[in-house]
Amino acid sequence: MKTHVRALVVGGGAVGTSIAYHLAKAGWEDVMLLERDELTSGSTWHAAGLLPLFNMSFATTHIHKYSVDFYKSLEAETGLNAGFSICGNLRMAQTQERMDEYMLYSSVAETADVYHEFLTPNEIKERWPLVRTDDLKGALFHPQDGYINPADVTMAMAKGARQRGVIIERKWQVDGYKWTGDHWEVTVTKMGERGGNLVATEETTVIHADHVVTATGNHAQRTAKLLGIKIPAIPVEHQFIVTEPDPALVEYRANGGAEHPVLRDADAKWYVREERGGWILGPYERGAPARFQYGVPDSFRADLFPLDLERIEEEYMAMIHRIPTSETVGLKDDFNGPICYTPDGNPLVGPAPGLRNMWLAEGFSFGITAAGGTGYYLAQMMVNGEAEIDMASLDPKRYGSWMTTDYAVKKNEECYEHVFILHHPDEEREAARPLRTSPVYDRQKKLGAQFGQVNGWERPNYYGPVDAPSSFDHDSRSFRRGAWWEYAVAEAKAVRETAGLIDATAFTKHIVKGPGATAFLDWFTTNKLPKVGRINLTYALTEAGTTRTEYTIVRLSEDEYYLVSAGAWTDYDADYLKKCIEDKEAEFGRIEMQNVTTQWGVFAIAGPKSRDILKEVIKDVDPETALSNKRFPWLSARQIELGMCPVNAIRVAYTGELGWELHHPIEMQNYLWDLLMPAMEKHGGKLVGARAQNWLRQEKSYRAFGTELGRDATPIEADLPRFVDLGKEFNGKAAMEKIGVRSKCVTLLIDGPADADPWGKEALRDLDGNYAGRLTSGGYSVAFGKQIGMGYVKPALAEIGTKLKVKIMGELWDATIVEDSPYDPTNANIRIDG
Ligand SMILES: Cc1cc2nc3c(=O)[nH]c(=O)nc-3n(C[C@H](O)[C@H](O)[C@H](O)COP(=O)(O)OP(=O)(O)OC[C@H]3O[C@@H](n4cnc5c(N)ncnc54)[C@H](O)[C@@H]3O)c2cc1C
């Protein structure tokens, strides 16, 4: 057995096999795949093999689309037929709300060039007469996907991999990982058979691998333990049943009727497809339990759980309703297997937290659909440094160290149950909440705060009616303007007209200090470093020259810096910062890094009255001038005292008004809140949530991390050259310059529908109807009284005044590219003195 390889892939399911194939295809030699049992003996063997293209995420849609296209090409390459039935996929809608979901999806699909059609109930009935349509509003049809045999497609990828030089070893289990500082030493044990069980033999060896990828499916918890990290991939039970042949279906097909597409009655939470004259019913029912949260027992091999028919009764009856001929057909077979989930349903793909050259590909619930694309994009990351799409939404570090087994169990069960619920863009899921609360949470709740969750933190999205029922937020969601909209409008107006107070406690905060700190940060970030007491906005790049993190940097002293970055990405940011410091300490000198996220609360106060409000409570020799432009200029930081609370105040406002961020000791948060509230009331200030803030920052063209800013674009493409000092050397600079400008970030004002705003997922077209780009943010502008959005367009179109069309709710609406910061372009409001 080969003991020195460039890349070792652990796990021979669909995902691991695809990764090995694509690493070889991308040019890596010496790739080896280890499987503890047989290829496909994990979840892959009992998957139903559906390949749905439908997905609301830009990255995942690309991944699924790649898979579907790739699987179509595999037979020509390998000579193996994987049974790909391109029968299409029909998602039915029982309600207008569901049609709205499909219309939003339709715009997303356009951004990834996924072909789809809308069908009326009559069109469905004409094509597939066995389907009952009298209570349907319509359907979304993907004619180009369908289903495949999961084992066969894995075997085809394995053959393709072997043809490209990959070594595949079966019956070898990975039992230990050790990083030598240069490569991984992976201890593996030969597995044997005893009494039908898979057992470890005495034979072991060590494989030396430059890179390791784990794709261990249901064994993710064991992998996590071996690596000493957390991986929130825990399986949930998932069943499907196979019926005896349905005589009506057999007759319909015998008379030349076309195969039914995979049918999805999303409102009834099931899918159905044809199987040898009968039907396969796959429900996503309530109450499916998580399994193996502490590891897969040795006795569980390619096994199944007993069928729980009672649990899926509702979905079973709903199938009979939709396909009446299935009522009298008996059950032939059933499958109840573990299907891996993560708290948000996205797999965990990318560098493992805290480890070098260790890549995770875990937690796949649509692993057959995602395998091809995951292999393709992960291989790009490993071979080229980055993938052509931003993989951050799949990054394993999007969950912090606060994440526990019980949290993952609760969220994964919820995620399973939510597969077919209406996914409103303003959706907030309820399980495992509240968990991470700032001290002021109860006070906010009493005042009507309707919370969202970011990185586990509870954060007000908006303040609804004080006496609202607990279901208010849930009931107010919509693909159009939810009932919350008017509250967010009032909040946004308050910031523009008086003042608003926003809880930004979730912000990620790091201290970087020590003799090497200045030289390091100068290399690590794109902008000039600020002088002591000043701040700047800056970017850390990937080695590939794209944006890894946006920081507001405060220089506390010559060699001490306070770095503020997005709240959703604490561990993601910390991991990169730490690894870069480790790499550069020898060159630059000692650097200390401390994650102080949970030690500091943050209130952002903004609006023309914000100075007056703070003056009421500031303790200073001269409170009247303490916050003046002279003593506290824009883009500077000062230590001030508000009542008895020491505050590190930063004069910035993400809403584009006069304002300060008040970073305060978390244990004094309630005190500070109680101090500020009367002053706020006196000056007509309002509590403001994240939704209004998101709209306001778009009026100022402030890019957000995870939308405009990510690993698929450089800061130059984000049109932020003023924060990039080309006169100095910084990490990723040469790569950034080499990329040039592939597309450019712009702000658009939109004359949209009366009842809906863009969500930042929509496609843009030019006036000839050609695809022109996509929105990455969207919302409503109170300053302009119309819809607003930010997004990326082809460079030739990125001119002020360019007219485009944006697809909202199935229709094209006029959009115009406007100057950066259309609201207060000279920043006069922000700089105002007083
Ligand atoms: C009933 C059911 C129906 C499904 N239907 C669909 C569907 O229609 N479409 C779809 O896309 N998905 C479907 N899925 C989900 C799909 O099965 C999984 O997402 C997919 O199989 C995951 O593939 P994987 O390679 O990540 O994991 P697995 O197939 O579980 O493979 C992991 C492999 O790693 C090996 N391994 C683990 N630890 C080690 C170790 N230490 N050393 C060596 N080897 C190790 C295991 O033996 C296993 O073979 C379904 C799942 C279920 C349960």
# chains A, B, ... in the order shown; residues from 1 in each chain; ligands from 1
$ residues_around --residues "Gly516 of chain A" --least-positions-apart "4" --cutoff "7 Å" --atoms "only C-alpha atoms" --output "ChimeraX atom specification"
/A:520,585,588-591
$ residues_near_ligand --ligand "ligand 1" --cutoff "7 Å" --atoms "only C-alpha atoms and all ligand atoms" --output "PyMOL selection string"
chain A and resi 10-16+34-51+172-175+215-219+223+237-240+335-340+362-370
$ residues_around --residues "segment 300-316 of chain A" --least-positions-apart "2" --cutoff "7 Å" --atoms "only C-alpha atoms" --output "list in words"
Ser41, Gly42, Ala268, Lys269, Trp270, Pro283, Glu285, Val296, Pro297, Asp298, Ala318, Met319, Ile320, Asp334, Phe335, Asn336 and Gly337 of chain A
$ write_last_selection --atoms "C-alpha atoms" --output "mmCIF file, in the first residue's frame"
data_model
loop_
_atom_site.group_PDB
_atom_site.id
_atom_site.type_symbol
_atom_site.label_atom_id
_atom_site.label_comp_id
_atom_site.auth_asym_id
_atom_site.auth_seq_id
_atom_site.Cartn_x
_atom_site.Cartn_y
_atom_site.Cartn_z
ATOM 1 C CA SER A 41 -21.609 1.511 1.978
ATOM 2 C CA GLY A 42 -22.540 4.716 3.860
ATOM 3 C CA ALA A 268 -47.647 18.474 1.579
ATOM 4 C CA LYS A 269 -43.934 17.821 2.340
ATOM 5 C CA TRP A 270 -43.180 14.926 0.034
ATOM 6 C CA PRO A 283 -41.680 12.435 3.026
ATOM 7 C CA GLU A 285 -42.162 14.585 8.110
ATOM 8 C CA VAL A 296 -22.063 5.338 14.782
ATOM 9 C CA PRO A 297 -22.084 2.053 16.724
ATOM 10 C CA ASP A 298 -19.713 -0.578 15.361
ATOM 11 C CA ALA A 318 -51.334 13.493 0.840
ATOM 12 C CA MET A 319 -49.731 11.368 -1.861
ATOM 13 C CA ILE A 320 -52.982 9.454 -2.283
ATOM 14 C CA ASP A 334 -39.145 0.661 2.724
ATOM 15 C CA PHE A 335 -35.958 2.453 3.630
ATOM 16 C CA ASN A 336 -35.242 4.374 6.800
ATOM 17 C CA GLY A 337 -31.640 5.462 6.822
#
$ residues_around --residues "Ile502 of chain A" --least-positions-apart "6" --cutoff "10 Å" --atoms "only C-alpha atoms" --output "list in words"
Arg459, Pro460, Asn461, Tyr462, Val495, Val602, Phe603, Ala604, Ile605, Ala606, Glu661, Lys686, Leu687, Val688, Gly689, Ala690, Ala692 and Gln693 of chain A
$ write_last_selection --atoms "N, CA and C atoms" --output "mmCIF file, in the first residue's frame"
data_model
loop_
_atom_site.group_PDB
_atom_site.id
_atom_site.type_symbol
_atom_site.label_atom_id
_atom_site.label_comp_id
_atom_site.auth_asym_id
_atom_site.auth_seq_id
_atom_site.Cartn_x
_atom_site.Cartn_y
_atom_site.Cartn_z
ATOM 1 N N ARG A 459 -30.455 38.888 17.988
ATOM 2 C CA ARG A 459 -30.226 40.285 17.588
ATOM 3 C C ARG A 459 -31.543 40.838 17.061
ATOM 4 N N PRO A 460 -31.986 41.998 17.565
ATOM 5 C CA PRO A 460 -33.274 42.513 17.080
ATOM 6 C C PRO A 460 -33.253 42.746 15.568
ATOM 7 N N ASN A 461 -34.230 42.178 14.880
ATOM 8 C CA ASN A 461 -34.388 42.472 13.451
ATOM 9 C C ASN A 461 -35.195 43.747 13.272
ATOM 10 N N TYR A 462 -36.165 43.927 14.163
ATOM 11 C CA TYR A 462 -36.990 45.130 14.169
ATOM 12 C C TYR A 462 -37.780 45.115 15.470
ATOM 13 N N VAL A 495 -33.736 57.077 11.931
ATOM 14 C CA VAL A 495 -32.279 57.287 11.822
ATOM 15 C C VAL A 495 -31.991 58.497 10.944
ATOM 16 N N VAL A 602 -21.900 46.221 22.041
ATOM 17 C CA VAL A 602 -21.839 47.389 21.141
ATOM 18 C C VAL A 602 -23.247 47.924 20.896
ATOM 19 N N PHE A 603 -23.428 49.219 21.166
ATOM 20 C CA PHE A 603 -24.634 49.922 20.717
ATOM 21 C C PHE A 603 -24.178 50.926 19.660
ATOM 22 N N ALA A 604 -24.857 50.940 18.547
ATOM 23 C CA ALA A 604 -24.558 51.957 17.542
ATOM 24 C C ALA A 604 -25.669 52.997 17.606
ATOM 25 N N ILE A 605 -25.280 54.222 17.837
ATOM 26 C CA ILE A 605 -26.282 55.297 17.866
ATOM 27 C C ILE A 605 -26.027 56.180 16.650
ATOM 28 N N ALA A 606 -27.081 56.476 15.910
ATOM 29 C CA ALA A 606 -26.889 57.219 14.658
ATOM 30 C C ALA A 606 -28.103 58.087 14.372
ATOM 31 N N GLU A 661 -20.274 54.259 17.463
ATOM 32 C CA GLU A 661 -20.409 52.911 18.015
ATOM 33 C C GLU A 661 -19.906 52.972 19.446
ATOM 34 N N LYS A 686 -35.272 56.300 18.369
ATOM 35 C CA LYS A 686 -36.058 55.076 18.238
ATOM 36 C C LYS A 686 -35.111 53.873 18.281
ATOM 37 N N LEU A 687 -35.616 52.773 18.801
ATOM 38 C CA LEU A 687 -34.837 51.537 18.732
ATOM 39 C C LEU A 687 -34.948 50.998 17.305
ATOM 40 N N VAL A 688 -33.831 50.535 16.803
ATOM 41 C CA VAL A 688 -33.764 50.156 15.385
ATOM 42 C C VAL A 688 -33.153 48.760 15.270
ATOM 43 N N GLY A 689 -33.685 47.981 14.345
ATOM 44 C CA GLY A 689 -33.192 46.617 14.163
ATOM 45 C C GLY A 689 -32.346 46.470 12.905
ATOM 46 N N ALA A 690 -31.924 45.238 12.701
ATOM 47 C CA ALA A 690 -30.986 44.943 11.612
ATOM 48 C C ALA A 690 -31.596 45.148 10.229
ATOM 49 N N ALA A 692 -33.789 47.515 9.121
ATOM 50 C CA ALA A 692 -33.709 48.926 8.712
ATOM 51 C C ALA A 692 -32.254 49.293 8.445
ATOM 52 N N GLN A 693 -31.364 48.786 9.287
ATOM 53 C CA GLN A 693 -29.940 49.095 9.105
ATOM 54 C C GLN A 693 -29.459 48.593 7.735
#
$ select_by_dssp --residues "segment 272-497 of chain A" --states "strand (DSSP E or B)" --output "PyMOL selection string"
chain A and resi 272-275+278-283+290+331-341+348-351+358-362+436+449-454+457-463
$ residues_around --residues "Gln450 of chain A" --least-positions-apart "3" --cutoff "10 Å" --atoms "only C-alpha atoms" --output "ChimeraX atom specification"
/A:444-445,447,458-466,468,470-474,484,689
$ residues_around --residues "Gly789 of chain A" --least-positions-apart "6" --cutoff "8 Å" --atoms "only C-alpha atoms" --output "number ranges by chain"
A: 698, 747-750, 758, 760, 775-779
$ closest_residue --among "A:Gly567, A:Pro825, A:Gly684, A:Pro469" --to "Gly400 of chain A" --atoms "only C-alpha atoms"
A:Gly567
$ select_by_dssp --residues "segment 494-619 of chain A" --states "helix (DSSP H, G or I)" --output "number ranges by chain"
A: 494-497, 517-524, 567-588, 597-599, 610-617
$ residues_around --residues "segment 434-441 of chain A" --least-positions-apart "6" --cutoff "12 Å" --atoms "only C-alpha atoms" --output "PyMOL selection string"
chain A and resi 400+402-404+406-407+428+447-460+502-507+597-603+664-674
